[in-house]
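Structure record follows, encoded as structure tokens.
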Amino acid sequence: MLSAQFIRENLDRVRRDMAARGAEAPLDDIVALDERRRALIGEVEGLRAERNAASKAIGQTQDAEERTQRIAAARAIGERLDGLEDQLREAEASLREALYEVPNVLDPDTPPGADDSENVTVRVVGAPRELGFEPRPHWEVGEALDGIDLARGAKMSGSRFFVLRGGIARLHRAMIQWMIDFHVGEGYVEHYLPYMLTEESFFASGHLPDFRENLYQDAEQDYLFVPTAEAPFANLYRDEILPAGSLPQRLVAHTPCFRREKMSAGRDTRGLKRLHQFEKVEMFVFCEPEESEAELQAMVERACRMAEALEIRYRVLQLCAGDIGFKASKAYDVELWSPGLEEWLEVSSVSDTLDFQARRANVRYRPEADARPRFPHLLNGSGLGAPRALIAIIENYQQADGSIAVPDVLQPYMGGMTRIEAEASG
């Protein structure tokens with residue numbers, strides 16, 4: 001989160017960035033609450049000093065009557081102090097709750113724009129694959145191979161669920177394994193993470209309160225299901241101070257992701273593009289603030305190299321102010337071209353949150369052994385999102401006979417299988 005001090009000292013910038021995002025937050029309330037909190041701190045500290053002086057005087061008083069009077073006076077100070085400390089705790093709680101609603105500031109390099117139509121294309125790499133026939137959407141290819149079963153997914157769980165079978169199910173698993181190995185080979189440390197977190201953890205990661213309507217929650221306990229591995233990663237070192245020399249930390253994990261998709265009601269209802277349950281490989285970085293921009297660009301390039309390894313046309317977009325996420329200060333999307341859908345599919349969104357998540361999670365580090373702790377910068381990025389990457393592979397590698405060629409880079413994970421063909425259903 002942004003600190004109350006930062007907002008107080010940069011109020012015009014925070015207002016300007018929120019307007020650029022089209023966001024709202026109770027800034028006036030925050031300024032008032034912060035002023036009250038600081039006034040109460042002054043009163044509390046004054047009364048504590050007065051109480052300490054009164055206690056010292058009691059110990060030095062020999063006269064019994066005077067001692068009784070001093071004890072009564074000290075007790076009155078204590079009662080006033082208790083009341084002020086209660087008010088201070090209430091003010092601090094109200095202030096923190098209000099601060100949770102303020103999005104991150106925007107990097108000066110983030111382009112203006114109201115929505116995703118105004119994102120800036122950084123580059124487009126590659127040409128559309130020459131198939132020699134009219135490409136079909138992935139669900140037609142998959143259904144013909146008895147490898148994608150949307151009807152049975154909907155029968156069991158409702159819309160936006162699916163079943164994969166046979167070669168396509170194996171392709172999905174192979175793709176995830178290749179992604180993990182790719183990042184581990186680049187020096188990322190693999191993690192296995194919880195798939196459910198407490199509400200406190202989601203406030204710390206910045207997914208609450210902003211993302212609440214898209215989170216699934218256990219009906220009986222304080223557990224919410226992760227929408228991405230970013231949420232547990234942001235909490236990995238919550239309330240800890242990392243020792244000198246421990247940064248940067250580059251982490252990777254594969255998790256299922258659960259999202260209500262309320263914000264996309266009525267959109268992309270067919271196929272595997274927008275789902276309530278899917279899988280993703282996530283990159284996450286803890287770094288010193290001075291290395292933040294370099295780490296961001298390296299993560300984007302890493303996602304691009306994966307697209308190149310798959311030999312699929314891709315493009316990089318820099319997100320504009322109106323499309324950037326609540327937590328992000330600067331962000332890029334990497335998208336693959338899907339000829340069956342005739343559209344670009346986001347397979348990686350890479351964001352720099354600066355110290356926004358670190359402050360919420362109270363993660364700090366020491367630059368040197370005896371140095372004062374600082375807040376690190378936290379970055380996250382898909383590496384890659386499995387369903388949309390799978391769509392792009394199916395649609396770009398579909399063959400005229402209805403089969404799917406397996407990309408060269410995935411064949412070692414498919415037991416040497418080079419083509420997915422129809423299998424008998426069970």
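To be explicit about the labels: the chains of the structure tokens are called A, B, and onward in the order shown, and within each one the residues are counted from 1, while ligands get numbers from 1 in the order they are shown.
Per DSSP on the backbone, strand (DSSP E or B) in stretch 31-167 of chain A comprises A:Val120, A:Thr121, A:Val122, A:Arg123, A:Val124, A:Val125, A:Ile148, A:Asp149, A:Val163, A:Leu164.
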Exercise for the section: Quick one: everything within 8 Å of stretch 374-386 of chain A, counting only C-alpha atoms, minus sequence neighbours fewer than 2 positions away in the same chain. Send it as a PyMOL selection string. Expected result: chain A and resi 172+175-176+179+230+234+278-289+292+295-296+299-300+302-303+347-359+362-367+372+388-390
Just to be explicit: take each residue in the selection above, keep C-alpha atoms, and write the result as a PDB file, in the first residue's frame.
```pdb
ATOM      1  CA  HIS A 172      -1.290 -29.555 -21.328  1.00  0.00           C
ATOM      2  CA  MET A 175       3.564 -27.619 -21.528  1.00  0.00           C
ATOM      3  CA  ILE A 176       3.458 -26.898 -17.774  1.00  0.00           C
ATOM      4  CA  MET A 179       7.560 -23.979 -18.449  1.00  0.00           C
ATOM      5  CA  GLU A 230       1.300 -14.178  -6.913  1.00  0.00           C
ATOM      6  CA  ALA A 234       3.650 -12.011  -1.796  1.00  0.00           C
ATOM      7  CA  PHE A 278      -7.190 -23.076 -14.911  1.00  0.00           C
ATOM      8  CA  GLU A 279      -3.454 -23.505 -14.355  1.00  0.00           C
ATOM      9  CA  LYS A 280      -0.566 -21.121 -14.586  1.00  0.00           C
ATOM     10  CA  VAL A 281       3.158 -20.974 -14.024  1.00  0.00           C
ATOM     11  CA  GLU A 282       4.091 -17.778 -12.173  1.00  0.00           C
ATOM     12  CA  MET A 283       7.369 -15.895 -11.936  1.00  0.00           C
ATOM     13  CA  PHE A 284       7.941 -13.781  -8.820  1.00  0.00           C
ATOM     14  CA  VAL A 285      10.856 -11.573  -7.817  1.00  0.00           C
ATOM     15  CA  PHE A 286      11.970  -9.862  -4.599  1.00  0.00           C
ATOM     16  CA  CYS A 287      14.660  -7.292  -5.400  1.00  0.00           C
ATOM     17  CA  GLU A 288      16.272  -4.081  -4.233  1.00  0.00           C
ATOM     18  CA  PRO A 289      14.477  -0.959  -5.498  1.00  0.00           C
ATOM     19  CA  SER A 292      13.373  -3.095 -10.133  1.00  0.00           C
ATOM     20  CA  GLU A 295      14.122  -7.189 -13.310  1.00  0.00           C
ATOM     21  CA  LEU A 296      10.871  -6.119 -14.963  1.00  0.00           C
ATOM     22  CA  MET A 299      10.865 -10.996 -16.916  1.00  0.00           C
ATOM     23  CA  VAL A 300       9.205  -9.647 -20.060  1.00  0.00           C
ATOM     24  CA  ARG A 302      11.850 -14.325 -20.500  1.00  0.00           C
ATOM     25  CA  ALA A 303       8.171 -14.623 -21.461  1.00  0.00           C
ATOM     26  CA  VAL A 347      -0.365 -15.485 -21.985  1.00  0.00           C
ATOM     27  CA  SER A 348       1.766 -13.355 -19.681  1.00  0.00           C
ATOM     28  CA  SER A 349       1.158 -10.169 -17.749  1.00  0.00           C
ATOM     29  CA  VAL A 350       4.296  -8.860 -16.045  1.00  0.00           C
ATOM     30  CA  SER A 351       3.975  -6.188 -13.362  1.00  0.00           C
ATOM     31  CA  ASP A 352       6.236  -4.148 -11.118  1.00  0.00           C
ATOM     32  CA  THR A 353       4.428  -3.267  -7.885  1.00  0.00           C
ATOM     33  CA  LEU A 354       7.398  -1.294  -6.470  1.00  0.00           C
ATOM     34  CA  ASP A 355       7.153  -1.502  -2.645  1.00  0.00           C
ATOM     35  CA  PHE A 356       3.333  -1.514  -2.701  1.00  0.00           C
ATOM     36  CA  GLN A 357       2.930  -5.210  -1.816  1.00  0.00           C
ATOM     37  CA  ALA A 358       5.983  -5.218   0.450  1.00  0.00           C
ATOM     38  CA  ARG A 359       4.427  -2.504   2.634  1.00  0.00           C
ATOM     39  CA  ASN A 362       5.484  -5.856   5.900  1.00  0.00           C
ATOM     40  CA  VAL A 363       8.333  -7.564   4.047  1.00  0.00           C
ATOM     41  CA  ARG A 364      11.694  -5.854   4.584  1.00  0.00           C
ATOM     42  CA  TYR A 365      15.362  -6.520   3.935  1.00  0.00           C
ATOM     43  CA  ARG A 366      18.700  -5.214   5.159  1.00  0.00           C
ATOM     44  CA  PRO A 367      20.918  -3.751   2.413  1.00  0.00           C
ATOM     45  CA  ARG A 372      18.202  -0.071   8.688  1.00  0.00           C
ATOM     46  CA  ARG A 388      -4.351 -19.633 -23.490  1.00  0.00           C
ATOM     47  CA  ALA A 389      -0.922 -20.968 -24.372  1.00  0.00           C
ATOM     48  CA  LEU A 390      -2.627 -24.316 -25.038  1.00  0.00           C
TER      49      LEU A 390
END
```
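By only C-alpha atoms, and with residues fewer than 4 positions from A:Gln69 along its chain excluded, the set lying at most 12 Å from it is Ala54, Ser55, Ala57, Ile58, Thr61, Asp63, Ala64, Glu65, Ala73, Ala74, Arg75 and Ala76 of chain A.
Across the structure, atom CA of A:Ala39 and atom CA of A:Arg16 are spaced 27.7 Å apart.
Between atom CA of A:Arg260 and atom CA of A:Leu150 there is a distance of 17.7 Å.
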